[in-house]
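What follows is a set of notes on a single structure, which appears directly below.
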Amino acid sequence: MAAFLTGTAHAVPPPPPNPSDAEISASRAEADAKAARVGELTGRLTQAESRLQELMDEVSYKRELANKARVDLEAAISAAEAARREATAARVQADAASAAVERSRRELDEFAAASYAQGSTVGSFSAYIGAKSPEDLLARAQMLEAVSAASLNRLDQVTRDQGTAANLDSAARAALNQAEAKQAAADEARKVADQAQQVAVDAHTAQTAATTQLQSDKDAVERELNAARGQVNGLQAQRQQYDQWAEAKKREDEENARRAAAAQAAAAAPPPGRPAAAAPAPSGNRVQTVINRALSQRGVIYAWGGGNYNGPTYGVRDGGVADSYGDYRKIGFDCSGLMMYAFAGVGVYLPHYSGYQYNSGRKVPLSQMAPGDMIFWGPGGGTHVALYLGGGMMVEAPHSGAVVRISPVRYGGIMPYVTRLL
């Protein structure tokens with residue numbers, strides 16, 4: 001801002017523009033509306049990002065269910081193939097049994113035909129007629145007994161072979177039907193699992209698009225907010241310059257009147273004494289240095305464990321969320337690292353932990369927070385820290401996947417005191 005010197009050697013310049021109260025109020029109201037809109041979009045964006053994470057978890061769960069269904073299907077296919085091989089082997093055995101049945105029938109038919117042709121039917125007395133001696137009669141009796149026993153054996157064998165063939169064929173069919181049923185069920189389960197996975201993926205894709213659109217809308221409104229604030233600041237600066245001009249003009253008039261009165265009284269000599277010592281630079285200058293250093297890092301990627309007194313650094317592994325975002329491969333800030341860098345610009349060196357930073361200065365009620373104060377969340381301030389800018393806004397390194405940014409102050413989980421270092 002311009003400084004106006006008073007006295008006879010320096011005349012006050014012409015007055016600068018003086019915007020009306022209505023113009024300033026309208027401009028401020030527009031900025032407030034934009035800030036409220038940014039706050040609303042930030043809340044919706046936070047919810048959208050939370051829902052996006054939930055859907056990502058759902059995709060992972062459905063993906064694993066699909067993997068399980070594929071494994072089950074492969075096992076069912078293997079079981080069906082084994083059942084088919086067993087059915088084929090059983091069919092071979094059944095065919096062999098059927099062939100044995102046919103052989104037994106042929107042998108029985110042959111015995112029966114031979115017995116009939118020789119007149120030696122089992123149980124018939126005609127076979128004994130014509131015997132020429134006792135020895136011949138005995139031989140004929142033994143032959144008839146053998147024919148009778150062999151015939152009965154043939155009949156028993158035919159029955160057993162028929163039963164074996166039927167049992168083998170029935171078992172083979174049952175095993176094959178069961179295996180094919182299991183394969184069909186497993187295939188259906190795989191299709192259902194794949195469909196569920198695709199539904200989850202589609203939902204995640206849609207949520208990603210919605211979240212991206214919300215972020216785009218928020219960025220656009222933030223740009224409008226910055227422009228509106230710039231207009232407010234411009235009008236307020238004009239008003240301040242005009243007030244300074246008016247004050248300088250008043251001092252000039254007073255000085256001219258004093259000098260005129262002094263000349264009339266012939267008391268031209270100024271009173272002795274040393275000029276007053278220069279006042280120390282207001283703390284506001286240091287606050288602005290801290291704020292400017294923090295704002296200079298807008299757009300720098302978040303990296304958990306990243307940042308020090310000199311600027312952004314590589315993040316560190318946390319074994320969880322930060323690792324999933326690859327923070328240990330990124331050069332950036334986490335929330336407390338950004339505070340370290342901002343306050344180092346005025347010679348204040350903070351530890352790299354928000355809980356310690358919370359206890360590093362004076363506690364001031366949240367209702368009295370001023371630009372340059374640190375705002376904290378969570379028990380003992382150990383969850384998150386941001387730098388208050390004024391006007392309900394703050395600058396922060398929010399979380400993995402985001403960047404250093406300006407945000408409206410979030411009051412959920414906020415600590416009742418801010419920490420003031422300057």
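A note on labels: chains of the structure tokens are A, B, ... as shown, every chain counts residues from 1, and ligands are counted from 1 in their shown order.
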Do a neighbour search on segment 16-32 of chain A at 9 Å with only C-alpha atoms, toss out local chain neighbours closer than 6 positions, and write the hits as a short mmCIF file (atom, residue, chain, number, x, y, z; two decimals) with N, CA and C atoms, in the first residue's frame.
data_model
loop_
_atom_site.label_atom_id
_atom_site.label_comp_id
_atom_site.auth_asym_id
_atom_site.auth_seq_id
_atom_site.Cartn_x
_atom_site.Cartn_y
_atom_site.Cartn_z
N GLU A 224 -14.08 -19.02 -9.08
CA GLU A 224 -15.01 -17.89 -8.98
C GLU A 224 -14.89 -17.23 -7.61
N LEU A 225 -14.71 -18.05 -6.56
CA LEU A 225 -14.55 -17.50 -5.22
C LEU A 225 -13.30 -16.63 -5.13
N ASN A 226 -12.20 -17.13 -5.69
CA ASN A 226 -10.96 -16.34 -5.66
C ASN A 226 -11.14 -15.02 -6.40
N ALA A 227 -11.87 -15.08 -7.53
CA ALA A 227 -12.11 -13.84 -8.27
C ALA A 227 -12.98 -12.89 -7.45
N ALA A 228 -14.02 -13.45 -6.80
CA ALA A 228 -14.90 -12.59 -5.98
C ALA A 228 -14.15 -12.00 -4.81
N ARG A 229 -13.30 -12.80 -4.18
CA ARG A 229 -12.51 -12.28 -3.06
C ARG A 229 -11.53 -11.21 -3.55
N GLN A 231 -12.09 -9.23 -5.95
CA GLN A 231 -12.87 -8.01 -6.14
C GLN A 231 -13.14 -7.33 -4.80
N VAL A 232 -13.51 -8.15 -3.79
CA VAL A 232 -13.73 -7.58 -2.45
C VAL A 232 -12.47 -6.91 -1.95
N LEU A 235 -11.88 -3.63 -3.73
CA LEU A 235 -12.73 -2.54 -3.25
C LEU A 235 -12.33 -2.09 -1.85
N GLN A 236 -12.03 -3.10 -0.99
CA GLN A 236 -11.61 -2.75 0.37
C GLN A 236 -10.28 -2.00 0.35
N GLN A 238 -9.27 -0.11 -2.07
CA GLN A 238 -9.56 1.26 -2.51
C GLN A 238 -10.12 2.10 -1.36
N ARG A 239 -11.03 1.45 -0.58
CA ARG A 239 -11.60 2.18 0.55
C ARG A 239 -10.50 2.52 1.57
N GLN A 240 -9.59 1.56 1.81
CA GLN A 240 -8.51 1.80 2.77
C GLN A 240 -7.59 2.90 2.27
N GLN A 241 -7.29 2.87 0.98
CA GLN A 241 -6.45 3.92 0.41
C GLN A 241 -7.14 5.29 0.54
N TYR A 242 -8.45 5.29 0.32
CA TYR A 242 -9.18 6.56 0.44
C TYR A 242 -9.16 7.04 1.89
N ASP A 243 -9.37 6.09 2.85
CA ASP A 243 -9.33 6.48 4.26
C ASP A 243 -7.95 7.03 4.64
N TRP A 245 -5.89 8.39 2.57
CA TRP A 245 -5.78 9.72 1.93
C TRP A 245 -6.49 10.78 2.78
N GLY A 391 -11.69 -15.61 7.13
CA GLY A 391 -12.87 -15.74 6.28
C GLY A 391 -13.43 -17.14 6.24
#
*Write out as a ChimeraX atom specification each polymer residue whose atoms come within 12 Å of Met393 of chain A, counting only C-alpha atoms; drop sequence neighbours fewer than 4 positions from it.*
/A:32,35-36,38-39,42,222,225-226,229,291,369-375,386-389,405-411
_For Arg44 of chain A, the nearest of the candidates A:Gln215, A:Gly234, A:Gln288, A:Leu366, counting only C-alpha atoms_ =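 For Arg44 of chain A, the nearest of the given residues is A:Gln215.
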